[in-house]
Amino acid sequence: MKRGVRIIRPVSKDGSLFIAPMTSEERTQEQTIARPATSSALALALTVLLALAFLAGGLLRPGFNYDLLPYAALSKEMRGAGGKQETYRELEAQLGHSRYESLFLLTPYKVRMYEDDVYFDANLPLYRVKPLYVFLCSLVARLTGSDVGATYAVSSLATAAAVLLSWAILRRIGAPTGSWQLALPLSWAVAGGLSLAQLSTPDALAAFLTLLLVWIALAESWTAWRAACLVLVIVLDVAARTDMVLFVASLCVCEAVFRPHHRRVAVIAGAAALASYLTINRLVGSYGYVAVLNFAFVDRDRLLVPDLVPHVFGYLRALLFGVLMLFSSGYATGGLLLAVSLSAVAAVREWRLRASSEGSRYNAPVLALSATLVLYLVARFVLFPQPEARYITGICVLSGVLFARAAQPMQDT
């Protein structure tokens, strides 16, 4: 029975009709239909509100993290509006002298970046390896006149777009349904979506492109057009943040294993990601993985750039510290462990359905995606033992949605 439709019954000998009152059974059926629709509308409304809130929060209350400085300098260089000195002047004018000093001139590393032009230039290849983010910042700055503002404007817009795109992913998965869809806005709130929007880093842009990649990959069939779009988004994702080659590699492996009819496209996609990674690193003069590892985790004072010497004990110390951070009380560092756990639950559920009598409920795209998240998160932590939420916010949201899908009672799905 469709919602809101009354059964029309004859009640008199002359054949006259009237709309009979609903029976208790019919009323229960209508309430059952209405409840999921109401919950879905609420989840969508909250998702849209979060997207708008993140956009406003990122634009009105930016984080002014230190990475803003080299990215804004590169943005100025790209559009021919100066570089380092002009960026420092714009920052001081926007923040005021005291706040400017407290954010950008307090540590030995920051002081040397300010005073030593050669050292500043030596640091720039560490940021040039995110060319898409720099390009978009320069593009926005041409319109607004502010490269500093462009760095967090791009992050705000990308975060809002990622939130809305995640709803499309939830709909493509087909579950969770009803009130379980509230897992999506809840995951964004818990995973640090607002913080992502406030940062002047390529993390929000990478999160959006990664979710776009997932949305395309979840399709049942990969047509030639869809495969071309997949490859294009992969190239852009790696250009936004080169370490996303790990996610693409994980996705390609899991697609090849769990969706054999996608193997050919998966190989092409993996090759495109690797080619993009190698090309970007060569064009921008990247120092390579060892130098990045030493800069981020080993050389704590960061006064030697580039440090191209492998430090095994330094890496092991950083790995141990990262493991300890995983079990800290804050989500900013403990979220990675939670995301791995939630993704693993979703993967195990699909794996069991695959082998059970309920094989018709098995969803190969969901199994491939769940396994991808587990593989990527573990690989990323081993190679870059820094479990900060901003690197994996979009991944954490996906893990929350997949867990809700796995936890939803079978009769509700």
# chains A, B, ... in the order shown; residues from 1 in each chain; ligands from 1
$ select_by_dssp --residues "region 78-241 of chain A" --states "helix (DSSP H, G or I)" --output "number ranges by chain"
A: 78, 84-95, 97-104, 108-115, 117-123, 125-128, 131-144, 147-173, 178-191, 193-198, 203-217, 224-240
$ closest_atom_pairs --of "region 343-381 of chain A" --to "region 248-256 of chain A" --cutoff "12 Å" --atoms "only C-alpha atoms" --output "Markdown table"
| residue | atom | partner | partner_atom | distance |
| --- | --- | --- | --- | --- |
| A:Ala347 | CA | A:Cys254 | CA | 11.3 |
| A:Ala364 | CA | A:Glu255 | CA | 8.9 |
| A:Pro365 | CA | A:Glu255 | CA | 7.9 |
| A:Val366 | CA | A:Glu255 | CA | 10.2 |
| A:Leu367 | CA | A:Cys254 | CA | 8.5 |
| A:Ala368 | CA | A:Cys254 | CA | 5.2 |
| A:Leu369 | CA | A:Leu251 | CA | 7.1 |
| A:Ser370 | CA | A:Cys254 | CA | 9.0 |
| A:Ala371 | CA | A:Cys254 | CA | 6.5 |
| A:Thr372 | CA | A:Leu251 | CA | 5.1 |
| A:Leu373 | CA | A:Ser250 | CA | 7.8 |
| A:Val374 | CA | A:Ser250 | CA | 8.9 |
| A:Leu375 | CA | A:Ser250 | CA | 6.1 |
| A:Tyr376 | CA | A:Ser250 | CA | 5.7 |
| A:Leu377 | CA | A:Ser250 | CA | 9.4 |
| A:Val378 | CA | A:Ser250 | CA | 10.3 |
| A:Ala379 | CA | A:Ser250 | CA | 8.7 |
| A:Arg380 | CA | A:Ser250 | CA | 10.3 |
$ residues_around --residues "region 120-132 of chain A" --least-positions-apart "6" --cutoff "6 Å" --atoms "only C-alpha atoms" --output "list of chain:residue names"
A:Met113, A:Ala239, A:Ala240, A:Arg241, A:Ser286
$ write_last_selection --atoms "N, CA and C atoms" --output "short mmCIF file (atom, residue, chain, number, x, y, z; two decimals), in the first residue's frame"
data_model
loop_
_atom_site.label_atom_id
_atom_site.label_comp_id
_atom_site.auth_asym_id
_atom_site.auth_seq_id
_atom_site.Cartn_x
_atom_site.Cartn_y
_atom_site.Cartn_z
N MET A 113 63.79 30.22 8.84
CA MET A 113 63.01 30.36 7.60
C MET A 113 62.82 31.83 7.26
N ALA A 239 48.30 14.66 -7.67
CA ALA A 239 48.83 16.02 -7.80
C ALA A 239 48.45 16.89 -6.61
N ALA A 240 47.36 16.55 -5.93
CA ALA A 240 46.97 17.30 -4.74
C ALA A 240 47.87 16.95 -3.56
N ARG A 241 48.16 15.67 -3.42
CA ARG A 241 49.05 15.21 -2.35
C ARG A 241 49.66 13.90 -2.82
N SER A 286 61.85 17.01 -6.26
CA SER A 286 61.61 16.46 -4.93
C SER A 286 62.86 15.79 -4.37
#
$ residues_around --residues "Ala160 (chain A)" --least-positions-apart "3" --cutoff "7 Å" --atoms "only C-alpha atoms" --output "count of residues only"
8
$ residues_around --residues "Gln408 (chain A)" --least-positions-apart "5" --cutoff "12 Å" --atoms "only C-alpha atoms" --output "list in words"
Ala175, Pro176, Thr177, Gly178, Ser179, Trp180, Gln181, Leu182, Ala183, Ala346, Arg349, Val401, Leu402, Phe403 and Thr413 of chain A
$ residues_around --residues "Leu165 (chain A)" --least-positions-apart "2" --cutoff "9 Å" --atoms "only C-alpha atoms" --output "PDB file with N, CA, C and O atoms, in the first residue's frame"
ATOM      1  N   ALA A 160      33.715  21.485   2.175  1.00  0.00           N
ATOM      2  CA  ALA A 160      32.260  21.534   1.971  1.00  0.00           C
ATOM      3  C   ALA A 160      31.843  20.622   0.826  1.00  0.00           C
ATOM      4  O   ALA A 160      30.840  19.888   0.933  1.00  0.00           O
ATOM      5  N   ALA A 161      32.610  20.635  -0.262  1.00  0.00           N
ATOM      6  CA  ALA A 161      32.300  19.766  -1.400  1.00  0.00           C
ATOM      7  C   ALA A 161      32.447  18.297  -1.022  1.00  0.00           C
ATOM      8  O   ALA A 161      31.653  17.445  -1.452  1.00  0.00           O
ATOM      9  N   ALA A 162      33.451  17.980  -0.201  1.00  0.00           N
ATOM     10  CA  ALA A 162      33.664  16.601   0.232  1.00  0.00           C
ATOM     11  C   ALA A 162      32.503  16.097   1.083  1.00  0.00           C
ATOM     12  O   ALA A 162      32.074  14.947   0.959  1.00  0.00           O
ATOM     13  N   VAL A 163      31.972  16.959   1.947  1.00  0.00           N
ATOM     14  CA  VAL A 163      30.838  16.575   2.787  1.00  0.00           C
ATOM     15  C   VAL A 163      29.625  16.239   1.923  1.00  0.00           C
ATOM     16  O   VAL A 163      28.958  15.213   2.125  1.00  0.00           O
ATOM     17  N   TRP A 167      27.575  12.247   0.836  1.00  0.00           N
ATOM     18  CA  TRP A 167      26.169  11.833   0.816  1.00  0.00           C
ATOM     19  C   TRP A 167      25.872  11.037  -0.454  1.00  0.00           C
ATOM     20  O   TRP A 167      25.143  10.041  -0.416  1.00  0.00           O
ATOM     21  N   ALA A 168      26.457  11.466  -1.570  1.00  0.00           N
ATOM     22  CA  ALA A 168      26.275  10.725  -2.826  1.00  0.00           C
ATOM     23  C   ALA A 168      26.885   9.329  -2.711  1.00  0.00           C
ATOM     24  O   ALA A 168      26.340   8.360  -3.263  1.00  0.00           O
ATOM     25  N   ILE A 169      28.000   9.211  -2.007  1.00  0.00           N
ATOM     26  CA  ILE A 169      28.618   7.897  -1.799  1.00  0.00           C
ATOM     27  C   ILE A 169      27.702   7.014  -0.962  1.00  0.00           C
ATOM     28  O   ILE A 169      27.503   5.829  -1.258  1.00  0.00           O
ATOM     29  N   LEU A 170      27.133   7.583   0.096  1.00  0.00           N
ATOM     30  CA  LEU A 170      26.212   6.830   0.937  1.00  0.00           C
ATOM     31  C   LEU A 170      25.028   6.315   0.112  1.00  0.00           C
ATOM     32  O   LEU A 170      24.608   5.166   0.269  1.00  0.00           O
ATOM     33  N   PHE A 208      38.589  15.530  -0.790  1.00  0.00           N
ATOM     34  CA  PHE A 208      37.524  15.640  -1.784  1.00  0.00           C
ATOM     35  C   PHE A 208      37.796  14.748  -2.988  1.00  0.00           C
ATOM     36  O   PHE A 208      36.921  13.997  -3.439  1.00  0.00           O
ATOM     37  N   LEU A 211      37.375  11.047  -2.164  1.00  0.00           N
ATOM     38  CA  LEU A 211      35.964  10.661  -2.115  1.00  0.00           C
ATOM     39  C   LEU A 211      35.357  10.598  -3.516  1.00  0.00           C
ATOM     40  O   LEU A 211      34.521   9.728  -3.803  1.00  0.00           O
ATOM     41  N   LEU A 212      35.765  11.501  -4.393  1.00  0.00           N
ATOM     42  CA  LEU A 212      35.283  11.459  -5.778  1.00  0.00           C
ATOM     43  C   LEU A 212      35.757  10.181  -6.456  1.00  0.00           C
ATOM     44  O   LEU A 212      35.002   9.527  -7.200  1.00  0.00           O
ATOM     45  N   TRP A 215      33.614   7.365  -5.158  1.00  0.00           N
ATOM     46  CA  TRP A 215      32.278   7.414  -5.751  1.00  0.00           C
ATOM     47  C   TRP A 215      32.270   6.793  -7.139  1.00  0.00           C
ATOM     48  O   TRP A 215      31.357   6.035  -7.495  1.00  0.00           O
TER      49      TRP A 215
END
